[in-house]
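Structure file coords-v3.cif (mmCIF, C-alpha atoms and all ligand atoms) is printed below.
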```cif
data_start
#
loop_
_atom_site.label_atom_id
_atom_site.label_comp_id
_atom_site.auth_asym_id
_atom_site.auth_seq_id
_atom_site.Cartn_x
_atom_site.Cartn_y
_atom_site.Cartn_z
CA MET A 1 28.69 -14.45 -2.75
CA LYS A 2 30.39 -15.57 0.44
CA ASN A 3 34.21 -15.78 0.44
CA GLY A 4 34.11 -15.70 -3.34
CA LYS A 5 31.92 -18.85 -3.37
CA SER A 6 28.41 -18.99 -4.75
CA LYS A 7 25.50 -18.73 -2.32
CA LEU A 8 23.79 -21.80 -0.90
CA VAL A 9 20.03 -21.25 -0.84
CA LEU A 10 17.17 -23.29 0.59
CA VAL A 11 13.79 -22.94 -1.13
CA ALA A 12 11.03 -24.51 0.98
CA GLY A 13 8.08 -25.11 -1.36
CA GLY A 14 10.55 -25.33 -4.25
CA ALA A 15 8.49 -27.82 -6.27
CA GLY A 16 5.49 -25.49 -6.42
CA PHE A 17 4.47 -22.91 -8.99
CA LEU A 18 6.41 -19.94 -7.60
CA GLY A 19 9.09 -22.04 -5.87
CA SER A 20 10.21 -23.77 -9.07
CA HIS A 21 10.54 -20.43 -10.88
CA LEU A 22 12.51 -19.09 -7.92
CA CYS A 23 14.87 -22.11 -8.09
CA ASP A 24 15.46 -21.36 -11.80
CA ALA A 25 16.17 -17.68 -11.11
CA LEU A 26 18.58 -18.44 -8.26
CA LEU A 27 20.43 -21.02 -10.35
CA SER A 28 20.79 -18.56 -13.20
CA GLU A 29 22.39 -16.14 -10.73
CA GLY A 30 24.98 -18.83 -9.96
CA ALA A 31 23.62 -20.04 -6.60
CA HIS A 32 23.56 -23.61 -5.30
CA VAL A 33 19.91 -24.42 -4.58
CA VAL A 34 18.20 -27.00 -2.39
CA ALA A 35 14.44 -27.36 -2.81
CA LEU A 36 12.57 -28.81 0.18
CA ASP A 37 8.99 -29.88 -0.52
CA ASN A 38 6.45 -32.48 0.60
CA LEU A 39 4.81 -32.47 -2.88
CA LEU A 40 1.41 -31.66 -1.40
CA THR A 41 0.53 -29.27 -4.23
CA GLY A 42 3.95 -29.08 -5.87
CA ARG A 43 5.13 -31.44 -8.59
CA LYS A 44 8.43 -33.09 -9.43
CA GLN A 45 7.79 -32.23 -13.10
CA ASN A 46 8.24 -28.53 -12.25
CA LEU A 47 11.86 -29.40 -11.47
CA ARG A 48 12.46 -32.13 -14.06
CA HIS A 49 14.60 -29.83 -16.21
CA LEU A 50 16.99 -29.49 -13.24
CA GLU A 51 17.58 -33.23 -12.76
CA ARG A 52 21.09 -33.05 -14.21
CA GLU A 53 21.92 -29.65 -12.73
CA PRO A 54 24.91 -30.17 -10.38
CA ARG A 55 24.07 -27.04 -8.37
CA PHE A 56 20.54 -28.27 -7.61
CA GLU A 57 19.18 -30.81 -5.16
CA PHE A 58 15.64 -31.84 -4.21
CA VAL A 59 14.83 -33.00 -0.67
CA ASP A 60 11.44 -34.51 0.16
CA GLY A 61 10.14 -33.34 3.53
CA ASP A 62 7.36 -31.59 5.43
CA ILE A 63 8.37 -28.37 7.20
CA ILE A 64 5.91 -29.13 10.01
CA LYS A 65 8.02 -32.11 11.06
CA THR A 66 11.63 -32.21 12.23
CA LEU A 67 13.52 -30.98 9.19
CA PRO A 68 15.21 -33.77 7.19
CA ALA A 69 18.75 -34.70 8.31
CA ARG A 70 20.08 -33.61 4.92
CA ILE A 71 18.78 -30.07 5.54
CA ARG A 72 20.15 -29.98 9.10
CA SER A 73 23.52 -31.43 8.07
CA LYS A 74 26.53 -29.31 9.08
CA ARG A 75 27.54 -29.08 5.44
CA MET A 76 24.32 -27.27 4.59
CA LYS A 77 25.30 -23.78 5.73
CA PHE A 78 22.58 -21.93 3.86
CA ASP A 79 23.18 -18.25 3.21
CA GLN A 80 19.51 -17.73 2.48
CA ILE A 81 16.26 -19.54 3.30
CA PHE A 82 13.12 -18.78 1.31
CA ASN A 83 9.90 -20.08 2.87
CA LEU A 84 7.32 -20.56 0.12
CA ALA A 85 5.95 -23.82 1.50
CA CYS A 86 2.16 -23.61 1.83
CA ALA A 87 -0.72 -24.61 -0.41
CA ALA A 88 -1.91 -21.35 -1.94
CA SER A 89 -5.20 -21.93 -3.75
CA PRO A 90 -8.41 -21.86 -1.68
CA PRO A 91 -9.62 -25.41 -2.53
CA HIS A 92 -6.19 -26.85 -1.75
CA TYR A 93 -5.47 -24.95 1.45
CA GLN A 94 -9.01 -25.64 2.71
CA ALA A 95 -8.74 -29.40 2.01
CA ASP A 96 -6.74 -29.86 5.25
CA PRO A 97 -7.04 -26.58 7.14
CA GLU A 98 -5.18 -27.84 10.19
CA HIS A 99 -2.16 -28.79 8.09
CA THR A 100 -2.30 -25.41 6.33
CA LEU A 101 -2.28 -23.47 9.59
CA LEU A 102 0.48 -25.61 11.08
CA THR A 103 2.54 -25.25 7.90
CA SER A 104 2.54 -21.49 8.36
CA VAL A 105 3.07 -21.55 12.12
CA VAL A 106 5.11 -24.65 13.04
CA GLY A 107 6.78 -24.87 9.62
CA THR A 108 7.83 -21.22 9.64
CA HIS A 109 9.11 -21.63 13.21
CA ASN A 110 11.21 -24.63 12.17
CA LEU A 111 12.75 -22.71 9.29
CA LEU A 112 13.33 -19.56 11.37
CA THR A 113 15.11 -21.68 13.99
CA LEU A 114 17.29 -23.15 11.24
CA ALA A 115 18.03 -19.62 9.99
CA GLU A 116 19.00 -18.58 13.53
CA ASP A 117 21.24 -21.64 14.03
CA ILE A 118 23.24 -21.09 10.85
CA GLY A 119 22.98 -17.31 10.45
CA ALA A 120 20.97 -17.46 7.21
CA ARG A 121 18.81 -14.61 5.95
CA PHE A 122 15.14 -15.66 6.05
CA PHE A 123 12.43 -14.74 3.52
CA LEU A 124 8.73 -15.31 4.15
CA ALA A 125 6.29 -15.57 1.25
CA SER A 126 3.33 -13.86 2.90
CA THR A 127 0.19 -12.82 1.09
CA SER A 128 -2.31 -10.09 0.32
CA GLU A 129 -4.77 -12.38 2.14
CA ILE A 130 -3.45 -10.96 5.41
CA TYR A 131 -5.54 -7.88 4.46
CA GLY A 132 -8.64 -10.13 4.28
CA ASP A 133 -11.68 -8.48 2.69
CA PRO A 134 -10.09 -5.04 2.76
CA GLU A 135 -11.85 -1.85 3.84
CA VAL A 136 -8.93 0.21 2.56
CA HIS A 137 -8.26 0.34 -1.16
CA PRO A 138 -5.67 -0.04 -2.60
CA GLN A 139 -3.90 -1.93 0.16
CA ARG A 140 -0.72 -0.49 1.57
CA GLU A 141 1.55 -2.17 4.07
CA SER A 142 0.39 0.04 6.96
CA TYR A 143 -3.18 -1.40 6.73
CA TRP A 144 -3.78 -4.05 9.41
CA GLY A 145 -6.45 -5.91 7.53
CA HIS A 146 -9.99 -7.25 7.91
CA VAL A 147 -9.81 -11.00 8.36
CA ASN A 148 -12.50 -13.36 9.62
CA PRO A 149 -10.55 -15.46 12.16
CA THR A 150 -13.02 -18.36 12.17
CA GLY A 151 -14.06 -18.61 8.51
CA PRO A 152 -12.91 -21.19 5.94
CA ARG A 153 -10.10 -18.93 4.67
CA ALA A 154 -8.73 -18.34 8.18
CA CYS A 155 -6.38 -21.36 8.14
CA TYR A 156 -4.47 -19.59 5.38
CA ASP A 157 -4.96 -15.91 6.27
CA GLU A 158 -4.41 -16.28 10.01
CA GLY A 159 -1.59 -18.76 9.42
CA LYS A 160 0.25 -16.22 7.28
CA ARG A 161 -0.47 -13.44 9.80
CA ALA A 162 1.00 -15.61 12.56
CA ALA A 163 3.97 -16.46 10.32
CA GLU A 164 4.62 -12.72 9.88
CA THR A 165 4.37 -12.29 13.67
CA LEU A 166 6.89 -15.07 14.32
CA THR A 167 9.22 -13.72 11.66
CA PHE A 168 9.17 -10.26 13.24
CA ASP A 169 9.64 -11.68 16.73
CA PHE A 170 12.82 -13.43 15.53
CA LYS A 171 13.96 -10.18 13.94
CA ARG A 172 13.14 -8.00 17.00
CA SER A 173 15.08 -10.25 19.31
CA GLY A 174 18.07 -10.30 16.95
CA ARG A 175 17.71 -14.01 16.19
CA ALA A 176 17.38 -13.71 12.41
CA ASP A 177 17.75 -11.27 9.56
CA VAL A 178 14.41 -11.37 7.76
CA ARG A 179 12.48 -10.17 4.71
CA ILE A 180 8.71 -10.48 4.18
CA ALA A 181 6.95 -10.20 0.82
CA ARG A 182 3.16 -9.77 0.75
CA ILE A 183 2.37 -11.38 -2.58
CA PHE A 184 -0.74 -10.44 -4.56
CA ASN A 185 -2.38 -12.83 -7.06
CA THR A 186 0.29 -14.19 -9.38
CA TYR A 187 -0.13 -16.37 -12.46
CA GLY A 188 1.93 -18.00 -15.19
CA PRO A 189 3.31 -21.28 -16.54
CA ARG A 190 3.50 -24.23 -14.08
CA MET A 191 0.25 -23.44 -12.30
CA ARG A 192 -1.65 -26.70 -11.97
CA ALA A 193 -4.65 -27.22 -14.23
CA ASP A 194 -6.54 -28.40 -11.13
CA ASP A 195 -5.16 -25.61 -8.96
CA GLY A 196 -8.59 -24.03 -8.58
CA ARG A 197 -7.44 -20.42 -8.91
CA VAL A 198 -9.27 -18.20 -11.33
CA VAL A 199 -6.55 -17.74 -13.97
CA SER A 200 -5.81 -21.45 -14.36
CA ASN A 201 -9.51 -22.39 -14.19
CA VAL A 202 -10.61 -19.89 -16.81
CA ILE A 203 -7.76 -20.69 -19.22
CA CYS A 204 -8.19 -24.46 -18.94
CA GLN A 205 -11.97 -24.20 -19.30
CA ALA A 206 -11.63 -21.94 -22.37
CA LEU A 207 -9.09 -24.25 -24.02
CA ALA A 208 -11.21 -27.33 -23.38
CA GLY A 209 -14.45 -25.62 -24.52
CA ASP A 210 -15.95 -26.19 -21.05
CA ASP A 211 -18.17 -23.72 -19.21
CA ILE A 212 -16.26 -20.83 -17.64
CA THR A 213 -17.15 -20.72 -13.96
CA ILE A 214 -17.56 -17.26 -12.46
CA TYR A 215 -18.15 -17.22 -8.71
CA GLY A 216 -20.77 -14.65 -7.70
CA ASP A 217 -21.59 -11.97 -10.26
CA GLY A 218 -17.95 -11.58 -11.32
CA SER A 219 -17.75 -7.96 -10.16
CA GLN A 220 -15.14 -8.74 -7.50
CA THR A 221 -11.69 -7.46 -8.48
CA ARG A 222 -8.15 -8.80 -8.39
CA SER A 223 -4.81 -7.51 -9.70
CA PHE A 224 -2.73 -10.15 -11.44
CA CYS A 225 1.06 -10.22 -11.54
CA TYR A 226 3.05 -12.29 -14.03
CA VAL A 227 5.37 -14.79 -12.39
CA SER A 228 8.71 -13.53 -13.79
CA ASP A 229 7.98 -10.03 -12.46
CA LEU A 230 7.21 -11.37 -9.02
CA ILE A 231 10.37 -13.50 -8.86
CA GLU A 232 12.45 -10.48 -9.79
CA GLY A 233 10.83 -8.70 -6.83
CA PHE A 234 11.70 -11.65 -4.53
CA LEU A 235 15.38 -11.47 -5.49
CA LYS A 236 15.51 -7.70 -5.04
CA LEU A 237 13.81 -7.86 -1.65
CA MET A 238 16.08 -10.66 -0.42
CA ALA A 239 19.14 -8.65 -1.54
CA TYR A 240 17.87 -5.38 -0.01
CA GLU A 241 20.38 -3.94 2.51
CA GLY A 242 18.77 -0.62 3.51
CA PRO A 243 17.29 0.46 6.84
CA PHE A 244 13.63 -0.49 6.16
CA THR A 245 12.54 -3.62 8.04
CA GLY A 246 8.81 -4.11 7.43
CA ALA A 247 6.80 -6.28 5.05
CA VAL A 248 6.68 -5.21 1.39
CA ASN A 249 3.80 -5.62 -1.07
CA LEU A 250 4.72 -7.29 -4.36
CA GLY A 251 2.08 -7.40 -7.06
CA ASN A 252 0.75 -5.76 -10.17
CA PRO A 253 -1.53 -2.78 -9.45
CA VAL A 254 -3.57 -3.18 -12.64
CA GLU A 255 -6.99 -4.15 -11.25
CA LEU A 256 -9.85 -5.81 -13.12
CA THR A 257 -13.03 -7.69 -12.38
CA VAL A 258 -13.09 -11.46 -12.56
CA ALA A 259 -15.76 -11.22 -15.30
CA ASP A 260 -13.44 -8.98 -17.32
CA LEU A 261 -10.62 -11.49 -16.92
CA ALA A 262 -12.89 -14.25 -18.25
CA ARG A 263 -13.90 -12.14 -21.24
CA ARG A 264 -10.27 -11.39 -22.08
CA VAL A 265 -9.32 -15.07 -21.96
CA LEU A 266 -12.31 -15.97 -24.14
CA ALA A 267 -11.29 -13.37 -26.71
CA MET A 268 -7.65 -14.45 -26.63
CA THR A 269 -8.37 -18.14 -27.07
CA GLY A 270 -11.27 -17.71 -29.52
CA SER A 271 -13.13 -20.20 -27.35
CA ALA A 272 -16.86 -20.84 -27.68
CA SER A 273 -17.17 -21.64 -23.96
CA ARG A 274 -20.18 -20.18 -22.13
CA ILE A 275 -19.84 -18.15 -18.96
CA VAL A 276 -21.80 -19.69 -16.09
CA THR A 277 -22.11 -18.49 -12.50
CA ARG A 278 -21.52 -20.39 -9.30
CA PRO A 279 -22.05 -19.27 -5.68
CA LEU A 280 -19.51 -16.82 -4.31
CA PRO A 281 -17.31 -18.60 -1.74
CA VAL A 282 -17.65 -17.50 1.91
CA ASP A 283 -15.48 -14.48 2.81
CA ASP A 284 -14.31 -14.01 -0.79
CA PRO A 285 -12.62 -10.56 -0.83
CA ARG A 286 -14.63 -7.99 -2.85
CA ARG A 287 -11.61 -6.18 -4.22
CA ARG A 288 -7.86 -6.25 -4.10
CA ARG A 289 -5.12 -4.06 -5.49
CA PRO A 290 -1.61 -3.53 -4.14
CA ASP A 291 -0.13 -0.16 -3.40
CA ILE A 292 3.47 -0.82 -4.48
CA THR A 293 4.93 2.61 -3.65
CA LEU A 294 7.22 1.00 -1.08
CA ALA A 295 8.59 -1.65 -3.46
CA LYS A 296 9.24 1.04 -6.06
CA GLN A 297 11.09 3.24 -3.57
CA LEU A 298 13.09 0.58 -1.74
CA LEU A 299 13.78 -1.91 -4.51
CA ASN A 300 13.28 0.10 -7.68
CA TRP A 301 10.87 -2.69 -8.60
CA SER A 302 7.63 -2.63 -10.48
CA PRO A 303 6.03 -5.23 -12.77
CA ARG A 304 6.90 -5.00 -16.46
CA THR A 305 4.68 -7.64 -18.04
CA SER A 306 1.26 -6.50 -19.25
CA LEU A 307 -1.75 -8.72 -18.58
CA GLU A 308 -2.09 -9.26 -22.33
CA VAL A 309 1.47 -10.59 -22.70
CA GLY A 310 1.38 -12.60 -19.46
CA LEU A 311 -1.94 -14.23 -20.32
CA LYS A 312 -0.70 -15.12 -23.84
CA GLU A 313 2.35 -16.87 -22.34
CA THR A 314 0.17 -18.71 -19.86
CA VAL A 315 -2.42 -19.73 -22.46
CA ALA A 316 0.40 -21.02 -24.72
CA TRP A 317 1.86 -23.03 -21.84
CA PHE A 318 -1.47 -24.63 -20.81
CA SER A 319 -2.25 -25.35 -24.43
CA LYS A 320 1.03 -27.27 -24.80
CA GLU A 321 0.37 -29.12 -21.53
CA GLN A 322 -3.05 -30.22 -22.78
CA GLU A 323 -1.54 -31.41 -26.10
CA THR A 324 1.12 -33.43 -24.28
CA ALA A 325 -1.50 -34.96 -21.99
CA GLN A 326 -3.62 -35.94 -25.02
CA GLN A 327 -0.61 -37.48 -26.80
CA ASN A 328 0.22 -39.49 -23.68
CA ARG A 329 -3.37 -40.76 -23.50
CA ALA A 330 -3.44 -41.77 -27.18
CA PRO A 331 -3.14 -45.58 -27.68
P1 LIG B 1 1.97 -23.92 -4.71
O1 LIG B 1 0.87 -24.67 -4.05
O2 LIG B 1 2.25 -24.20 -6.14
O3 LIG B 1 3.34 -24.10 -3.92
C1 LIG B 1 3.44 -24.39 -2.55
C2 LIG B 1 4.48 -25.47 -2.37
O4 LIG B 1 4.64 -25.74 -0.97
C3 LIG B 1 4.07 -26.79 -3.02
O5 LIG B 1 5.14 -27.29 -3.79
C4 LIG B 1 3.71 -27.69 -1.86
O6 LIG B 1 3.89 -29.05 -2.15
C5 LIG B 1 4.64 -27.17 -0.79
N1 LIG B 1 4.17 -27.40 0.60
C6 LIG B 1 2.95 -27.15 1.12
N2 LIG B 1 2.94 -27.45 2.43
C7 LIG B 1 4.18 -27.92 2.73
C8 LIG B 1 4.77 -28.41 3.91
N3 LIG B 1 4.09 -28.48 5.08
N4 LIG B 1 6.07 -28.83 3.87
C9 LIG B 1 6.77 -28.77 2.71
N5 LIG B 1 6.26 -28.30 1.55
C10 LIG B 1 4.97 -27.88 1.58
O7 LIG B 1 1.66 -22.38 -4.50
P2 LIG B 1 2.41 -21.08 -5.04
O8 LIG B 1 1.43 -20.29 -5.77
O9 LIG B 1 3.70 -21.46 -5.67
O10 LIG B 1 2.69 -20.33 -3.66
C11 LIG B 1 3.98 -20.34 -3.06
C12 LIG B 1 3.94 -19.44 -1.82
O11 LIG B 1 3.59 -18.11 -2.18
C13 LIG B 1 2.93 -19.90 -0.77
O12 LIG B 1 3.50 -19.75 0.50
C14 LIG B 1 1.78 -18.94 -0.95
O13 LIG B 1 1.09 -18.74 0.25
C15 LIG B 1 2.48 -17.68 -1.42
N6 LIG B 1 1.58 -16.84 -2.22
C16 LIG B 1 1.29 -17.17 -3.52
C17 LIG B 1 0.42 -16.37 -4.25
C18 LIG B 1 0.08 -16.66 -5.69
O14 LIG B 1 -0.72 -15.93 -6.29
N7 LIG B 1 0.66 -17.65 -6.34
C19 LIG B 1 -0.16 -15.24 -3.66
C20 LIG B 1 0.14 -14.97 -2.34
C21 LIG B 1 1.03 -15.76 -1.64
N1 LIG B 2 -13.03 -17.38 -9.04
C1 LIG B 2 -13.98 -17.52 -10.05
N2 LIG B 2 -13.98 -18.66 -10.78
C2 LIG B 2 -13.09 -19.67 -10.57
C3 LIG B 2 -12.13 -19.52 -9.56
C4 LIG B 2 -12.13 -18.36 -8.79
O1 LIG B 2 -14.81 -16.62 -10.27
O2 LIG B 2 -13.16 -20.69 -11.29
C5 LIG B 2 -13.02 -16.12 -8.27
C6 LIG B 2 -12.87 -16.25 -6.77
O3 LIG B 2 -14.14 -16.40 -6.15
C7 LIG B 2 -12.21 -14.93 -6.41
C8 LIG B 2 -11.33 -14.63 -7.62
O4 LIG B 2 -11.87 -15.40 -8.69
O5 LIG B 2 -13.18 -13.92 -6.29
C9 LIG B 2 -9.87 -15.00 -7.43
O6 LIG B 2 -9.83 -16.32 -6.95
P1 LIG B 2 -8.44 -17.09 -6.73
O7 LIG B 2 -8.78 -18.38 -6.07
O8 LIG B 2 -7.68 -17.11 -7.99
O9 LIG B 2 -7.63 -16.15 -5.75
P2 LIG B 2 -7.99 -15.50 -4.32
O10 LIG B 2 -9.45 -15.58 -4.06
O11 LIG B 2 -7.20 -16.29 -3.35
O12 LIG B 2 -7.55 -14.10 -4.48
#
```

Is it possible to express this structure as structure tokens?
Amino acid sequence: MKNGKSKLVLVAGGAGFLGSHLCDALLSEGAHVVALDNLLTGRKQNLRHLEREPRFEFVDGDIIKTLPARIRSKRMKFDQIFNLACAASPPHYQADPEHTLLTSVVGTHNLLTLAEDIGARFFLASTSEIYGDPEVHPQRESYWGHVNPTGPRACYDEGKRAAETLTFDFKRSGRADVRIARIFNTYGPRMRADDGRVVSNVICQALAGDDITIYGDGSQTRSFCYVSDLIEGFLKLMAYEGPFTGAVNLGNPVELTVADLARRVLAMTGSASRIVTRPLPVDDPRRRRPDITLAKQLLNWSPRTSLEVGLKETVAWFSKEQETAQQNRAP
């Protein structure tokens, strides 16, 4: 609250999976929210339920370019700017690697400059990918990472690393008040069926009775966080007022293999799909698990949703989406 008025918040990437949930959470806290998105991987339908919400506005625009006049207008004195804009799934961010890298570098610079101009607090959605294929396990914030700078994932990993650098340079020189979340694999309703990430792929394949594609032998691990837990962490980190100034891991430390995830989804859906293997993508991290000691200490945050409950919610959501799509196709 500023002068007793509700906060004005900009969510870049607000039409995406995480961004749309963040818009909902901010609105339910009483904020006025503007979502800025170029709809590259985001979808208007993620925000359809907000069409009549007087405290919400959608602005179409690419953060790489000069920010839209509406965003730069003098009346838009944002208290907070969240930067979530960036394609996040490997097939999508690798489709136009140059745009992905520039989104993180030029786009983050544009938003940091806006934050500096109007005195807004800036939040960067960084990623566990900045740790690359980690040699330290679990990953804590003090680990500098193991990233291939020239591989196919580099446009994303190095882009986010550079975005963190820029964000800290603005902070060090007193130009902006900043927060950085290093997000580990997150899943839930509003992921795209064609997103390409493992949770959405496996669920959609199981529901459709298609082959479940496991890349490599499926022994690689990930730790999956349910979306509502993550968004709660975002809000706590943005509101944090203590002395700590570094990046903070946000994720669920429960680690499992990709093959185990597939088996759980098969059991949950009762699907007769077969598991098939496909080549492991280049530079695919072998294992990943967040150390969230810092988030627990600073923010009193830890995830509350078990994988079982989170997967059930997500399966139910995709199942409804598939039904609606079938009804719409019916003559
Ligand atoms: P998403 O693809 O659903 O959302 C990204 C949004 O950014 C989309 O709406 C897309 O249209 C928009 N966008 C992309 N480039 C843009 C540009 N140049 N200008 C304006 N808008 C642009 O992905 P998500 O899972 O919601 O991820 C959101 C953020 O969180 C991303 O920055 C991602 O790197 C980060 N993150 C997500 C995860 C995860 O597991 N979901 C993990 C780590 C980090
Ligand atoms: N993966 C898989 N089958 C799929 C999609 C992904 O086995 O259909 C694997 C992928 O190779 C990786 C893990 O699942 O080892 C997580 O992939 P995702 O794209 O979800 O996230 P990221 O690799 O960015 O952590």

Please define a box with edges along x, y and z of the file around all atoms of ligand LIG 2 (chain B) given in the file, extend it by 3 Å on each side, and return its centre and edge lengths in Å to one decimal, as lines of an AutoDock Vina configuration file.
```
center_x = -11.0
center_y = -17.3
center_z = -7.3
size_x = 13.6
size_y = 12.8
size_z = 13.9
```

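Minimum distance to Thr213 (chain A) across A:Gly196, A:Pro90, A:Gly119, A:Gly14 (counting all atoms listed in the file) occurs at A:Gly196.
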
* **Given 8 Å and all atoms listed in the file, residues near ligand LIG 2 (chain B) as a ChimeraX atom specification** => /A:88-91,129,184-185,196-202,212-216,218,220-222,258-259,277-278,280-281,284-286,288

* To do: For Arg55 (chain A), please output as a PyMOL selection string all residues within 12 Å (counting all atoms listed in the file; exclusion window: fewer than 3 positions along the same chain).
  => chain A and resi 6-10+23-24+26-35+50-52+58

Within 7 Å of ligand LIG 1 (chain B): each chain A residue with its shortest pair, all atoms listed in the file, as a Markdown table:
```
| residue | atom | partner | partner_atom | distance |
| --- | --- | --- | --- | --- |
| A:Ala12 | CA | B:LIG1 | N5 | 6.1 |
| A:Gly13 | CA | B:LIG1 | O4 | 3.5 |
| A:Gly14 | CA | B:LIG1 | O5 | 5.8 |
| A:Ala15 | CA | B:LIG1 | O5 | 4.2 |
| A:Gly16 | CA | B:LIG1 | O5 | 3.2 |
| A:Phe17 | CA | B:LIG1 | O9 | 3.7 |
| A:Leu18 | CA | B:LIG1 | O9 | 3.7 |
| A:Gly19 | CA | B:LIG1 | O9 | 5.4 |
| A:Leu36 | CA | B:LIG1 | C9 | 6.3 |
| A:Asp37 | CA | B:LIG1 | N5 | 3.8 |
| A:Asn38 | CA | B:LIG1 | C9 | 4.3 |
| A:Leu39 | CA | B:LIG1 | O6 | 3.6 |
| A:Leu40 | CA | B:LIG1 | O6 | 3.7 |
| A:Thr41 | CA | B:LIG1 | O6 | 4.0 |
| A:Gly42 | CA | B:LIG1 | O5 | 3.0 |
| A:Arg43 | CA | B:LIG1 | O5 | 6.3 |
| A:Gly61 | CA | B:LIG1 | C9 | 5.7 |
| A:Asp62 | CA | B:LIG1 | N4 | 3.4 |
| A:Ile63 | CA | B:LIG1 | N4 | 4.1 |
| A:Ile64 | CA | B:LIG1 | N3 | 5.3 |
| A:Asn83 | CA | B:LIG1 | O12 | 6.8 |
| A:Leu84 | CA | B:LIG1 | O12 | 3.9 |
| A:Ala85 | CA | B:LIG1 | O4 | 3.4 |
| A:Cys86 | CA | B:LIG1 | C6 | 3.7 |
| A:Ala87 | CA | B:LIG1 | O1 | 4.0 |
| A:Ala88 | CA | B:LIG1 | O7 | 4.5 |
| A:Ser89 | CA | B:LIG1 | O1 | 6.7 |
| A:His99 | CA | B:LIG1 | N3 | 6.9 |
| A:Thr100 | CA | B:LIG1 | N2 | 6.8 |
| A:Thr103 | CA | B:LIG1 | N3 | 4.6 |
| A:Gly107 | CA | B:LIG1 | N3 | 6.4 |
| A:Ala125 | CA | B:LIG1 | O11 | 5.1 |
| A:Ser126 | CA | B:LIG1 | C21 | 5.4 |
| A:Thr127 | CA | B:LIG1 | C20 | 4.0 |
| A:Ser128 | CA | B:LIG1 | C20 | 6.1 |
| A:Arg182 | CA | B:LIG1 | C20 | 6.8 |
| A:Ile183 | CA | B:LIG1 | C20 | 4.2 |
| A:Phe184 | CA | B:LIG1 | C19 | 4.9 |
| A:Asn185 | CA | B:LIG1 | O14 | 3.6 |
| A:Thr186 | CA | B:LIG1 | O14 | 3.7 |
| A:Tyr187 | CA | B:LIG1 | O14 | 6.2 |
| A:Met191 | CA | B:LIG1 | O2 | 6.5 |
```

* Asked: Any idea what the distance is between CA of His92 (chain A) and CA of Asp195 (chain A)?
  -> 7.4 Å

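Going from CA of Thr66 (chain A) to CA of Leu166 (chain A) covers 17.9 Å.
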
* Asked: Need the neighbours of (2.5, -0.8, -3.5): which residues are at most 8 Å away, counting all atoms listed in the file, as a PyMOL selection string?
  -> chain A and resi 139-141+248-251+253+290-296

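Relative to CA of Pro149 (chain A), CA of Phe224 (chain A) is found at 25.4 Å.
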
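Among the candidate residues A:Ile275, A:Met268, A:Ile130, A:Cys204, the one lying nearest to Leu311 (chain A) is A:Met268, with distances computed using only C-alpha atoms.
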
My structure is short of atoms at region 270-281 of chain A; please model N, CA and C atoms there, returning them as a PDB file, keeping the file's coordinate frame.
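So the final result, stored in selection.pdb, reads:
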```
ATOM      1  N   GLY A 270     -10.252 -17.482 -28.491  1.00  0.00           N
ATOM      2  CA  GLY A 270     -11.270 -17.710 -29.520  1.00  0.00           C
ATOM      3  C   GLY A 270     -12.205 -18.834 -29.121  1.00  0.00           C
ATOM      4  N   SER A 271     -12.328 -19.069 -27.829  1.00  0.00           N
ATOM      5  CA  SER A 271     -13.130 -20.200 -27.350  1.00  0.00           C
ATOM      6  C   SER A 271     -14.623 -19.912 -27.438  1.00  0.00           C
ATOM      7  N   ALA A 272     -15.393 -20.980 -27.639  1.00  0.00           N
ATOM      8  CA  ALA A 272     -16.860 -20.840 -27.680  1.00  0.00           C
ATOM      9  C   ALA A 272     -17.479 -21.169 -26.328  1.00  0.00           C
ATOM     10  N   SER A 273     -16.644 -21.303 -25.297  1.00  0.00           N
ATOM     11  CA  SER A 273     -17.170 -21.640 -23.960  1.00  0.00           C
ATOM     12  C   SER A 273     -18.200 -20.609 -23.512  1.00  0.00           C
ATOM     13  N   ARG A 274     -19.184 -21.091 -22.713  1.00  0.00           N
ATOM     14  CA  ARG A 274     -20.180 -20.180 -22.130  1.00  0.00           C
ATOM     15  C   ARG A 274     -19.694 -19.751 -20.764  1.00  0.00           C
ATOM     16  N   ILE A 275     -20.129 -18.559 -20.341  1.00  0.00           N
ATOM     17  CA  ILE A 275     -19.840 -18.150 -18.960  1.00  0.00           C
ATOM     18  C   ILE A 275     -21.018 -18.559 -18.090  1.00  0.00           C
ATOM     19  N   VAL A 276     -20.739 -19.302 -17.030  1.00  0.00           N
ATOM     20  CA  VAL A 276     -21.800 -19.690 -16.090  1.00  0.00           C
ATOM     21  C   VAL A 276     -21.432 -19.180 -14.695  1.00  0.00           C
ATOM     22  N   THR A 277     -22.431 -18.981 -13.846  1.00  0.00           N
ATOM     23  CA  THR A 277     -22.110 -18.490 -12.500  1.00  0.00           C
ATOM     24  C   THR A 277     -22.285 -19.588 -11.468  1.00  0.00           C
ATOM     25  N   ARG A 278     -21.481 -19.469 -10.441  1.00  0.00           N
ATOM     26  CA  ARG A 278     -21.520 -20.390  -9.300  1.00  0.00           C
ATOM     27  C   ARG A 278     -21.555 -19.525  -8.041  1.00  0.00           C
ATOM     28  N   PRO A 279     -21.976 -20.098  -6.896  1.00  0.00           N
ATOM     29  CA  PRO A 279     -22.050 -19.270  -5.680  1.00  0.00           C
ATOM     30  C   PRO A 279     -20.691 -18.683  -5.295  1.00  0.00           C
ATOM     31  N   LEU A 280     -20.742 -17.471  -4.773  1.00  0.00           N
ATOM     32  CA  LEU A 280     -19.510 -16.820  -4.310  1.00  0.00           C
ATOM     33  C   LEU A 280     -19.041 -17.515  -3.035  1.00  0.00           C
ATOM     34  N   PRO A 281     -17.772 -17.940  -2.969  1.00  0.00           N
ATOM     35  CA  PRO A 281     -17.310 -18.600  -1.740  1.00  0.00           C
ATOM     36  C   PRO A 281     -17.410 -17.656  -0.520  1.00  0.00           C
TER      37      PRO A 281
END
```
